[in-house]
>>> print(open('run.tsv').read())   # TSV, C-alpha atoms and all ligand atoms
chain	number	residue	atom	x	y	z
H	1	GLU	CA	-15.75	12.55	-53.93
H	2	ILE	CA	-13.45	14.14	-51.30
H	3	ASN	CA	-16.54	14.99	-49.22
H	4	ILE	CA	-17.68	11.38	-49.31
H	5	ASP	CA	-14.23	10.23	-48.15
H	6	ILE	CA	-14.27	12.66	-45.26
H	7	ASP	CA	-17.80	11.56	-44.33
H	8	GLU	CA	-16.70	7.95	-44.44
H	9	GLN	CA	-13.64	8.69	-42.32
H	10	THR	CA	-15.70	10.54	-39.72
H	11	ARG	CA	-18.15	7.65	-39.61
H	12	GLN	CA	-15.36	5.13	-39.14
H	13	ALA	CA	-13.74	7.23	-36.43
H	14	ALA	CA	-17.10	7.54	-34.65
H	15	ALA	CA	-17.69	3.78	-34.93
H	16	GLN	CA	-14.22	3.08	-33.50
H	17	LYS	CA	-14.86	5.50	-30.61
H	18	LEU	CA	-18.19	3.83	-29.91
H	19	LYS	CA	-16.56	0.38	-29.96
H	20	ILE	CA	-13.89	1.46	-27.46
H	21	GLY	CA	-16.56	3.14	-25.32
H	22	VAL	CA	-18.51	-0.12	-25.23
H	23	TYR	CA	-15.35	-2.07	-24.36
H	24	PHE	CA	-14.49	0.32	-21.52
H	25	ALA	CA	-18.02	0.35	-20.09
H	26	THR	CA	-18.16	-3.46	-20.19
H	27	TRP	CA	-14.66	-3.82	-18.69
H	28	TRP	CA	-15.45	-1.43	-15.82
H	29	SER	CA	-18.86	-2.94	-14.99
H	30	LEU	CA	-17.53	-6.51	-15.02
H	31	ASN	CA	-14.67	-5.37	-12.80
H	32	VAL	CA	-17.00	-3.75	-10.26
H	33	ILE	CA	-19.03	-6.98	-10.06
H	34	PHE	CA	-15.83	-9.04	-9.65
H	35	ASN	CA	-14.56	-6.81	-6.85
H	36	ILE	CA	-17.82	-6.97	-4.93
H	37	TYR	CA	-18.22	-10.75	-5.08
H	38	ASN	CA	-14.52	-11.27	-4.42
H	39	LYS	CA	-14.75	-9.22	-1.21
H	40	LYS	CA	-18.02	-10.87	-0.15
H	41	VAL	CA	-16.31	-14.24	-0.53
H	42	LEU	CA	-13.13	-13.11	1.28
H	43	ASN	CA	-15.15	-11.70	4.20
H	44	ALA	CA	-16.71	-15.12	4.85
H	45	PHE	CA	-13.84	-17.26	3.57
H	46	PRO	CA	-10.46	-15.54	4.04
H	47	PHE	CA	-8.38	-17.70	1.70
H	48	PRO	CA	-7.12	-15.42	-1.06
H	49	TRP	CA	-4.71	-18.02	-2.52
H	50	LEU	CA	-7.62	-20.34	-3.24
H	51	THR	CA	-9.95	-17.64	-4.59
H	52	SER	CA	-7.16	-16.41	-6.91
H	53	THR	CA	-6.61	-19.96	-8.14
H	54	LEU	CA	-10.34	-20.47	-8.73
H	55	SER	CA	-10.51	-17.27	-10.81
H	56	LEU	CA	-7.78	-18.59	-13.10
H	57	ALA	CA	-9.37	-22.06	-13.15
H	58	ALA	CA	-12.75	-20.65	-14.20
H	59	GLY	CA	-11.14	-18.73	-17.05
H	60	SER	CA	-9.14	-21.74	-18.19
H	61	LEU	CA	-12.22	-23.97	-18.11
H	62	ILE	CA	-14.41	-21.46	-19.98
H	63	MET	CA	-11.80	-21.14	-22.73
H	64	LEU	CA	-11.00	-24.85	-23.03
H	65	VAL	CA	-14.72	-25.60	-23.39
H	66	SER	CA	-15.11	-22.74	-25.92
H	67	TRP	CA	-12.25	-24.13	-28.00
H	68	ALA	CA	-13.43	-27.73	-27.79
H	69	SER	CA	-16.98	-26.78	-28.79
H	70	ARG	CA	-15.68	-24.36	-31.45
H	71	ILE	CA	-17.49	-21.38	-29.96
H	72	ALA	CA	-14.08	-19.76	-30.19
H	73	GLU	CA	-11.30	-20.75	-32.51
H	74	ALA	CA	-8.30	-22.20	-30.65
H	75	PRO	CA	-5.07	-20.25	-31.23
H	76	LYS	CA	-2.21	-21.75	-33.20
H	77	THR	CA	0.72	-21.58	-30.82
H	78	ASP	CA	4.30	-22.78	-30.92
H	79	MET	CA	7.02	-23.35	-28.34
H	80	ASP	CA	8.41	-19.82	-28.77
H	81	PHE	CA	5.00	-18.41	-27.91
H	82	TRP	CA	4.76	-20.36	-24.62
H	83	LYS	CA	8.37	-19.52	-23.73
H	84	ALA	CA	7.73	-15.83	-24.23
H	85	LEU	CA	4.47	-16.15	-22.28
H	86	PHE	CA	6.13	-17.64	-19.19
H	87	PRO	CA	7.51	-14.42	-17.63
H	88	VAL	CA	4.20	-12.66	-18.42
H	89	ALA	CA	2.26	-15.44	-16.69
H	90	LEU	CA	4.60	-15.41	-13.70
H	91	ALA	CA	4.15	-11.64	-13.28
H	92	HIS	CA	0.36	-11.97	-13.82
H	93	THR	CA	0.19	-14.67	-11.13
H	94	ILE	CA	2.18	-12.65	-8.59
H	95	GLY	CA	0.21	-9.45	-9.33
H	96	HIS	CA	-3.13	-11.24	-9.06
H	97	VAL	CA	-2.44	-13.16	-5.85
H	98	ALA	CA	-0.84	-10.11	-4.20
H	99	ALA	CA	-3.88	-7.92	-4.97
H	100	THR	CA	-6.24	-10.59	-3.65
H	101	VAL	CA	-4.19	-11.06	-0.46
H	102	SER	CA	-4.34	-7.27	-0.06
H	103	MET	CA	-8.13	-7.21	-0.47
H	104	SER	CA	-8.48	-9.96	2.10
H	105	LYS	CA	-6.80	-7.66	4.67
H	106	VAL	CA	-8.13	-4.18	3.89
H	107	ALA	CA	-11.13	-2.44	2.31
H	108	VAL	CA	-11.42	-2.92	-1.46
H	109	SER	CA	-11.25	0.85	-1.84
H	110	PHE	CA	-7.86	1.02	-0.10
H	111	THR	CA	-6.32	-1.66	-2.34
H	112	HIS	CA	-7.56	0.19	-5.42
H	113	ILE	CA	-6.34	3.59	-4.22
H	114	ILE	CA	-2.83	2.12	-3.92
H	115	LYS	CA	-3.28	0.33	-7.24
H	116	SER	CA	-4.16	3.61	-8.94
H	117	SER	CA	-0.46	4.47	-8.64
H	118	GLU	CA	0.57	1.68	-11.03
H	119	PRO	CA	1.64	4.22	-13.74
H	120	ALA	CA	4.08	5.76	-11.25
H	121	PHE	CA	5.61	2.33	-10.69
H	122	SER	CA	6.12	2.07	-14.45
H	123	VAL	CA	8.29	5.19	-14.48
H	124	LEU	CA	10.23	4.15	-11.38
H	125	VAL	CA	10.96	0.65	-12.73
H	126	SER	CA	12.03	2.07	-16.09
H	127	THR	CA	14.33	4.54	-14.35
H	128	PHE	CA	15.91	2.41	-11.64
H	129	LEU	CA	15.90	-1.04	-13.21
H	130	LEU	CA	16.02	-0.39	-16.93
H	131	GLY	CA	18.22	2.70	-16.81
H	132	GLU	CA	15.84	4.90	-18.84
H	133	SER	CA	15.51	8.56	-18.05
H	134	PHE	CA	12.61	10.93	-18.45
H	135	PRO	CA	12.27	14.74	-18.52
H	136	MET	CA	11.82	16.47	-15.17
H	137	PRO	CA	8.07	17.19	-15.68
H	138	VAL	CA	7.43	13.43	-15.89
H	139	TYR	CA	9.05	12.89	-12.47
H	140	LEU	CA	7.30	15.94	-11.03
H	141	SER	CA	3.95	14.61	-12.24
H	142	LEU	CA	4.51	11.55	-10.03
H	143	LEU	CA	4.53	13.66	-6.88
H	144	PRO	CA	0.71	14.09	-6.63
H	145	ILE	CA	0.26	10.35	-7.24
H	146	ILE	CA	2.75	9.34	-4.57
H	147	GLY	CA	1.69	12.13	-2.17
H	148	GLY	CA	-2.02	11.35	-2.65
H	149	CYS	CA	-1.48	7.64	-2.03
H	150	ALA	CA	0.65	8.36	1.04
H	151	LEU	CA	-2.03	10.67	2.46
H	152	ALA	CA	-4.74	8.09	1.74
H	153	ALA	CA	-2.64	5.35	3.39
H	154	VAL	CA	-1.81	7.23	6.62
H	155	THR	CA	-5.43	8.29	7.12
H	156	GLU	CA	-6.90	4.89	6.23
H	157	LEU	CA	-9.05	3.66	9.09
H	158	ASN	CA	-8.52	-0.04	8.44
H	159	PHE	CA	-4.80	0.22	7.60
H	160	ASN	CA	-2.91	-3.04	7.52
H	161	LEU	CA	0.71	-3.52	6.43
H	162	VAL	CA	0.08	-6.76	4.52
H	163	GLY	CA	-2.78	-5.00	2.73
H	164	LEU	CA	-0.49	-2.14	1.71
H	165	MET	CA	2.42	-4.37	0.69
H	166	GLY	CA	0.14	-6.68	-1.31
H	167	ALA	CA	-1.16	-3.76	-3.39
H	168	MET	CA	2.40	-2.43	-3.89
H	169	ILE	CA	3.73	-5.86	-4.96
H	170	SER	CA	0.78	-6.15	-7.32
H	171	ASN	CA	1.71	-2.78	-8.89
H	172	LEU	CA	5.31	-3.85	-9.34
H	173	ALA	CA	4.36	-7.25	-10.80
H	174	PHE	CA	1.89	-5.72	-13.26
H	175	VAL	CA	4.50	-3.25	-14.51
H	176	PHE	CA	6.72	-6.23	-15.30
H	177	ARG	CA	3.76	-8.05	-16.84
H	178	ASN	CA	3.29	-5.11	-19.23
H	179	ILE	CA	6.99	-4.91	-20.07
H	180	PHE	CA	7.25	-8.67	-20.70
H	181	SER	CA	4.05	-8.87	-22.71
H	182	LYS	CA	5.20	-6.06	-24.98
H	183	ARG	CA	8.49	-7.88	-25.55
H	184	GLY	CA	6.83	-11.29	-25.81
H	185	MET	CA	3.97	-10.45	-28.14
H	186	SER	CA	6.40	-10.03	-31.04
H	187	LYS	CA	7.95	-13.48	-30.46
H	188	GLY	CA	6.49	-16.74	-31.70
H	189	LYS	CA	3.02	-16.93	-33.25
H	190	SER	CA	0.81	-13.91	-32.84
H	191	VAL	CA	-2.34	-14.54	-30.82
H	192	GLY	CA	-5.26	-12.07	-30.50
H	193	GLY	CA	-6.41	-10.46	-27.24
H	194	MET	CA	-9.02	-13.00	-26.16
H	195	ASN	CA	-6.89	-16.08	-26.81
H	196	TYR	CA	-3.76	-14.41	-25.49
H	197	TYR	CA	-5.49	-13.86	-22.16
H	198	ALA	CA	-6.82	-17.45	-22.23
H	199	CYS	CA	-3.28	-18.86	-22.62
H	200	LEU	CA	-2.12	-16.51	-19.89
H	201	SER	CA	-4.80	-17.86	-17.51
H	202	ILE	CA	-3.93	-21.48	-18.21
H	203	MET	CA	-0.21	-20.94	-17.62
H	204	SER	CA	-0.84	-18.85	-14.48
H	205	LEU	CA	-3.14	-21.55	-13.12
H	206	LEU	CA	-0.36	-24.11	-13.51
H	207	ILE	CA	2.09	-21.80	-11.74
H	208	LEU	CA	-0.23	-20.83	-8.89
H	209	THR	CA	-1.86	-24.17	-7.95
H	210	PRO	CA	1.13	-25.76	-6.13
H	211	PHE	CA	1.81	-22.52	-4.21
H	212	ALA	CA	-1.85	-22.19	-3.17
H	213	ILE	CA	-1.77	-25.75	-1.84
H	214	ALA	CA	1.50	-25.09	0.00
H	215	VAL	CA	0.42	-21.75	1.53
H	216	GLU	CA	-3.18	-22.61	2.47
H	217	GLY	CA	-4.02	-26.20	1.49
H	218	PRO	CA	-7.06	-28.48	1.31
H	219	GLN	CA	-7.41	-28.97	5.07
H	220	VAL	CA	-7.91	-25.30	5.97
H	221	TRP	CA	-10.05	-24.82	2.87
H	222	ALA	CA	-12.41	-27.62	3.94
H	223	VAL	CA	-12.87	-26.17	7.44
H	224	GLY	CA	-13.19	-22.63	6.07
H	225	TRP	CA	-15.75	-23.70	3.47
H	226	LYS	CA	-17.93	-25.38	6.13
H	227	ASN	CA	-17.83	-22.20	8.24
H	228	ALA	CA	-18.68	-20.00	5.28
H	229	VAL	CA	-21.65	-22.16	4.26
H	230	ALA	CA	-22.86	-22.23	7.89
H	231	GLN	CA	-22.64	-18.44	8.02
H	232	ILE	CA	-23.96	-17.50	4.54
H	233	GLY	CA	-25.98	-20.53	3.42
H	234	PRO	CA	-25.61	-22.90	0.49
H	235	HIS	CA	-25.76	-20.06	-2.04
H	236	PHE	CA	-22.21	-19.12	-0.91
H	237	VAL	CA	-21.04	-21.36	-3.75
H	238	TRP	CA	-22.63	-18.93	-6.27
H	239	TRP	CA	-20.63	-16.04	-4.82
H	240	VAL	CA	-17.49	-18.07	-5.45
H	241	VAL	CA	-18.64	-18.88	-8.99
H	242	ALA	CA	-19.47	-15.20	-9.62
H	243	GLN	CA	-16.11	-13.90	-8.42
H	244	SER	CA	-14.29	-16.50	-10.53
H	245	VAL	CA	-16.27	-16.03	-13.75
H	246	PHE	CA	-16.36	-12.23	-13.55
H	247	TYR	CA	-12.60	-12.16	-12.98
H	248	HIS	CA	-12.11	-13.94	-16.26
H	249	LEU	CA	-14.67	-11.86	-18.15
H	250	TYR	CA	-13.31	-8.46	-17.13
H	251	ASN	CA	-9.75	-9.47	-17.94
H	252	GLN	CA	-10.79	-10.91	-21.26
H	253	VAL	CA	-12.56	-7.69	-22.24
H	254	SER	CA	-9.59	-5.63	-21.04
H	255	TYR	CA	-7.21	-7.65	-23.23
H	256	MET	CA	-9.62	-7.27	-26.16
H	257	SER	CA	-9.55	-3.50	-25.72
H	258	LEU	CA	-5.76	-3.51	-25.35
H	259	ASN	CA	-5.73	-4.80	-28.95
H	260	GLU	CA	-7.42	-1.59	-30.10
H	261	ILE	CA	-5.75	1.14	-28.05
H	262	SER	CA	-2.30	2.34	-26.96
H	263	PRO	CA	-0.82	1.14	-23.65
H	264	LEU	CA	-1.16	4.71	-22.35
H	265	THR	CA	-4.89	4.91	-23.08
H	266	PHE	CA	-5.18	1.47	-21.52
H	267	SER	CA	-3.49	2.47	-18.27
H	268	VAL	CA	-5.54	5.68	-18.00
H	269	GLY	CA	-8.67	3.60	-18.59
H	270	ASN	CA	-7.50	1.20	-15.90
H	271	THR	CA	-7.03	3.98	-13.35
H	272	MET	CA	-10.41	5.50	-14.17
H	273	LYS	CA	-11.89	2.01	-13.73
H	274	ARG	CA	-10.65	2.16	-10.13
H	275	VAL	CA	-12.77	5.25	-9.49
H	276	SER	CA	-15.92	3.21	-10.17
H	277	VAL	CA	-14.63	0.33	-8.01
H	278	ILE	CA	-13.68	2.65	-5.14
H	279	VAL	CA	-17.00	4.51	-5.14
H	280	SER	CA	-19.19	1.42	-5.51
H	281	SER	CA	-17.33	-0.64	-2.91
H	282	ILE	CA	-17.50	2.21	-0.37
H	283	ILE	CA	-21.28	2.36	-0.87
H	284	ILE	CA	-21.88	-1.40	-0.83
H	285	PHE	CA	-19.59	-2.30	2.08
H	286	HIS	CA	-20.37	0.90	4.06
H	287	THR	CA	-16.63	1.62	4.25
H	288	GLN	CA	-15.88	4.46	6.64
H	289	VAL	CA	-13.89	7.24	5.01
H	290	GLN	CA	-12.61	10.39	6.63
H	291	PRO	CA	-12.66	13.55	4.47
H	292	VAL	CA	-8.85	13.79	4.46
H	293	ASN	CA	-8.66	10.16	3.36
H	294	ALA	CA	-10.96	10.87	0.41
H	295	VAL	CA	-8.88	13.94	-0.46
H	296	GLY	CA	-5.75	11.74	-0.61
H	297	ALA	CA	-7.49	9.31	-2.97
H	298	ALA	CA	-8.75	12.13	-5.18
H	299	ILE	CA	-5.26	13.68	-5.41
H	300	ALA	CA	-3.77	10.29	-6.35
H	301	ILE	CA	-6.30	9.70	-9.10
H	302	LEU	CA	-6.18	13.23	-10.52
H	303	GLY	CA	-2.38	12.88	-10.34
H	304	THR	CA	-2.56	9.83	-12.61
H	305	PHE	CA	-4.59	11.83	-15.08
H	306	LEU	CA	-2.06	14.68	-14.95
H	307	TYR	CA	0.79	12.20	-15.40
H	308	SER	CA	-0.88	10.73	-18.50
H	309	GLN	CA	-1.15	14.21	-20.02
H	310	VAL	CA	2.53	14.90	-19.32
H	311	ILE	CA	3.51	11.56	-20.87
H	312	LYS	CA	1.45	12.45	-23.95
H	313	ILE	CA	3.07	15.87	-24.30
H	314	PHE	CA	6.56	14.36	-24.09
H	315	ASN	CA	5.51	11.51	-26.33
H	316	PHE	CA	6.67	8.68	-24.07
H	317	LEU	CA	3.81	6.57	-25.29
H	318	SER	CA	5.59	3.32	-24.62
H	319	ILE	CA	5.43	3.28	-20.81
H	401	LIG	C1	-6.49	-8.98	-9.35
H	401	LIG	O1	-7.05	-9.82	-8.69
H	401	LIG	O2	-5.75	-9.27	-10.31
H	401	LIG	C2	-6.73	-7.60	-8.89
H	401	LIG	O3	-8.05	-7.35	-8.68
H	401	LIG	C3	-6.10	-6.53	-9.68
H	401	LIG	O4	-6.56	-6.46	-10.93
H	401	LIG	P1	-6.63	-5.16	-11.78
H	401	LIG	O5	-5.28	-4.49	-11.78
H	401	LIG	O6	-7.02	-5.70	-13.12
H	401	LIG	O7	-7.70	-4.30	-11.18
>>> encode(input="run.tsv", output="structure tokens")
Amino acid sequence: EINIDIDEQTRQAAAQKLKIGVYFATWWSLNVIFNIYNKKVLNAFPFPWLTSTLSLAAGSLIMLVSWASRIAEAPKTDMDFWKALFPVALAHTIGHVAATVSMSKVAVSFTHIIKSSEPAFSVLVSTFLLGESFPMPVYLSLLPIIGGCALAAVTELNFNLVGLMGAMISNLAFVFRNIFSKRGMSKGKSVGGMNYYACLSIMSLLILTPFAIAVEGPQVWAVGWKNAVAQIGPHFVWWVVAQSVFYHLYNQVSYMSLNEISPLTFSVGNTMKRVSVIVSSIIIFHTQVQPVNAVGAAIAILGTFLYSQVIKIFNFLSI
């Protein structure tokens, strides 16, 4: 009897591992596809405020149609849920648009190298803004991340200040998004990963649209679109569709996996995801990298792994 229980437990643990493995593989592949189409679009049509808005619009549309046609069950929400969602959506909007502005100015790989330091931002925000303190080894484990990113930034061949700042703002915004969503998820009605992300997209779309119109606007979009179609051909529209739909899909899968794993496992998974984005974008866009630049990126990413181990040892699983 005991043997059967153990067998059953091992089987369940293996099934859970397999499920998370499938989630991660899907999340990473969808993200690579998003990043490639997003950059292809930005190269021909440098309007990141519009492309960010379209990504949120595609997600909102997909989910509204899924709810209306009952492919997915619509969530039961109340006012408290939407109130708690607002700061999360605001941070998601800022983080998303800032990353896209960054990618419109620099190589995709550079944005993602800087974004691999998001865990370090978590510790710094908790320390300086929330007044928490951590053991010395936690702070020391940030040094390779910060040092690696700094080395990668100073040796970056296509360095651009807006590109750097965009990625840094995105890191800061996403740290707040995580803090607010942890606080908010316990308020109001509880909504599962897929529908939670759908509501987040809809609210972010409402926040971002007026700003996108104010910063860029229909006139420049119309001229830019004509130029892009003249340069690429009519199939340019499919690149835009691909970047928008894949943005929604990878985020949806990432929120579905967040339901199953700890925030720490999630953020390690997110950093490892960047390795596949960095490598594939360097190959596809023929990005020039100097050896010392690659060393900086490798130190930053290994640093994140080291940091996650230190966090685990000291049991600060909440950041
Ligand atoms: C975005 O557009 O939101 C960026 O690509 C950053 O997203 P990530 O942190 O999920 O990679």
>>> residues_near_ligand(input="run.tsv", ligand="ligand LIG 401 (chain H)", cutoff="9 Å", atoms="only C-alpha atoms and all ligand atoms", output="JSON, numbers by chain")
{"H": [31, 34, 35, 38, 52, 55, 92, 93, 94, 95, 96, 97, 98, 99, 100, 101, 103, 111, 112, 115, 116, 118, 167, 170, 171, 174, 247, 250, 251, 254, 270, 271, 273, 274, 277]}
>>> residues_around(input="run.tsv", residues="Ser102 of chain H", least_positions_apart="6", cutoff="10 Å", atoms="only C-alpha atoms", output="JSON, numbers by chain")
{"H": [48, 96, 108, 110, 111, 112, 160, 161, 162, 163, 164, 165, 166, 167, 168, 169, 170]}
>>> write_last_selection(input="run.tsv", atoms="C-alpha atoms", output="mmCIF file, in the coordinates of the input")
data_model
loop_
_atom_site.group_PDB
_atom_site.id
_atom_site.type_symbol
_atom_site.label_atom_id
_atom_site.label_comp_id
_atom_site.auth_asym_id
_atom_site.auth_seq_id
_atom_site.Cartn_x
_atom_site.Cartn_y
_atom_site.Cartn_z
ATOM 1 C CA PRO H 48 -7.120 -15.420 -1.060
ATOM 2 C CA HIS H 96 -3.130 -11.240 -9.060
ATOM 3 C CA VAL H 108 -11.420 -2.920 -1.460
ATOM 4 C CA PHE H 110 -7.860 1.020 -0.100
ATOM 5 C CA THR H 111 -6.320 -1.660 -2.340
ATOM 6 C CA HIS H 112 -7.560 0.190 -5.420
ATOM 7 C CA ASN H 160 -2.910 -3.040 7.520
ATOM 8 C CA LEU H 161 0.710 -3.520 6.430
ATOM 9 C CA VAL H 162 0.080 -6.760 4.520
ATOM 10 C CA GLY H 163 -2.780 -5.000 2.730
ATOM 11 C CA LEU H 164 -0.490 -2.140 1.710
ATOM 12 C CA MET H 165 2.420 -4.370 0.690
ATOM 13 C CA GLY H 166 0.140 -6.680 -1.310
ATOM 14 C CA ALA H 167 -1.160 -3.760 -3.390
ATOM 15 C CA MET H 168 2.400 -2.430 -3.890
ATOM 16 C CA ILE H 169 3.730 -5.860 -4.960
ATOM 17 C CA SER H 170 0.780 -6.150 -7.320
#
>>> closest_residue(input="run.tsv", among="H:Ile113, H:Leu142, H:Ala91, H:Ala68", to="Gln309 of chain H", atoms="only C-alpha atoms")
H:Leu142
>>> residues_around(input="run.tsv", residues="segment 200-204 of chain H", least_positions_apart="2", cutoff="10 Å", atoms="all atoms listed in the file", output="PyMOL selection string")
chain H and resi 53+55-61+63-64+82+85-94+96+194-198+206-209+248+251-252
>>> residues_around(input="run.tsv", residues="segment 261-268 of chain H", least_positions_apart="4", cutoff="12 Å", atoms="all atoms listed in the file", output="JSON list (two decimals) with C-alpha atoms, in the frame of the given file")
[["chain", "number", "residue", "atom", "x", "y", "z"],
["H", 16, "GLN", "CA", -14.22, 3.08, -33.50],
["H", 17, "LYS", "CA", -14.86, 5.50, -30.61],
["H", 19, "LYS", "CA", -16.56, 0.38, -29.96],
["H", 20, "ILE", "CA", -13.89, 1.46, -27.46],
["H", 21, "GLY", "CA", -16.56, 3.14, -25.32],
["H", 23, "TYR", "CA", -15.35, -2.07, -24.36],
["H", 24, "PHE", "CA", -14.49, 0.32, -21.52],
["H", 27, "TRP", "CA", -14.66, -3.82, -18.69],
["H", 115, "LYS", "CA", -3.28, 0.33, -7.24],
["H", 116, "SER", "CA", -4.16, 3.61, -8.94],
["H", 117, "SER", "CA", -0.46, 4.47, -8.64],
["H", 118, "GLU", "CA", 0.57, 1.68, -11.03],
["H", 119, "PRO", "CA", 1.64, 4.22, -13.74],
["H", 120, "ALA", "CA", 4.08, 5.76, -11.25],
["H", 121, "PHE", "CA", 5.61, 2.33, -10.69],
["H", 122, "SER", "CA", 6.12, 2.07, -14.45],
["H", 171, "ASN", "CA", 1.71, -2.78, -8.89],
["H", 174, "PHE", "CA", 1.89, -5.72, -13.26],
["H", 175, "VAL", "CA", 4.50, -3.25, -14.51],
["H", 178, "ASN", "CA", 3.29, -5.11, -19.23],
["H", 179, "ILE", "CA", 6.99, -4.91, -20.07],
["H", 181, "SER", "CA", 4.05, -8.87, -22.71],
["H", 182, "LYS", "CA", 5.20, -6.06, -24.98],
["H", 193, "GLY", "CA", -6.41, -10.46, -27.24],
["H", 253, "VAL", "CA", -12.56, -7.69, -22.24],
["H", 254, "SER", "CA", -9.59, -5.63, -21.04],
["H", 255, "TYR", "CA", -7.21, -7.65, -23.23],
["H", 256, "MET", "CA", -9.62, -7.27, -26.16],
["H", 257, "SER", "CA", -9.55, -3.50, -25.72],
["H", 272, "MET", "CA", -10.41, 5.50, -14.17],
["H", 273, "LYS", "CA", -11.89, 2.01, -13.73],
["H", 274, "ARG", "CA", -10.65, 2.16, -10.13],
["H", 275, "VAL", "CA", -12.77, 5.25, -9.49],
["H", 301, "ILE", "CA", -6.30, 9.70, -9.10],
["H", 302, "LEU", "CA", -6.18, 13.23, -10.52],
["H", 303, "GLY", "CA", -2.38, 12.88, -10.34],
["H", 304, "THR", "CA", -2.56, 9.83, -12.61],
["H", 305, "PHE", "CA", -4.59, 11.83, -15.08],
["H", 306, "LEU", "CA", -2.06, 14.68, -14.95],
["H", 307, "TYR", "CA", 0.79, 12.20, -15.40],
["H", 308, "SER", "CA", -0.88, 10.73, -18.50],
["H", 309, "GLN", "CA", -1.15, 14.21, -20.02],
["H", 310, "VAL", "CA", 2.53, 14.90, -19.32],
["H", 311, "ILE", "CA", 3.51, 11.56, -20.87],
["H", 312, "LYS", "CA", 1.45, 12.45, -23.95],
["H", 315, "ASN", "CA", 5.51, 11.51, -26.33],
["H", 316, "PHE", "CA", 6.67, 8.68, -24.07],
["H", 317, "LEU", "CA", 3.81, 6.57, -25.29],
["H", 318, "SER", "CA", 5.59, 3.32, -24.62],
["H", 319, "ILE", "CA", 5.43, 3.28, -20.81]]
>>> closest_residue(input="run.tsv", among="H:Leu205, H:Cys199, H:Thr51, H:Val292", to="Ala74 of chain H", atoms="only C-alpha atoms")
H:Cys199
>>> atom_distance(input="run.tsv", atom1="atom CA of Ala150 of chain H", atom2="atom CA of Val123 of chain H")
17.6 Å
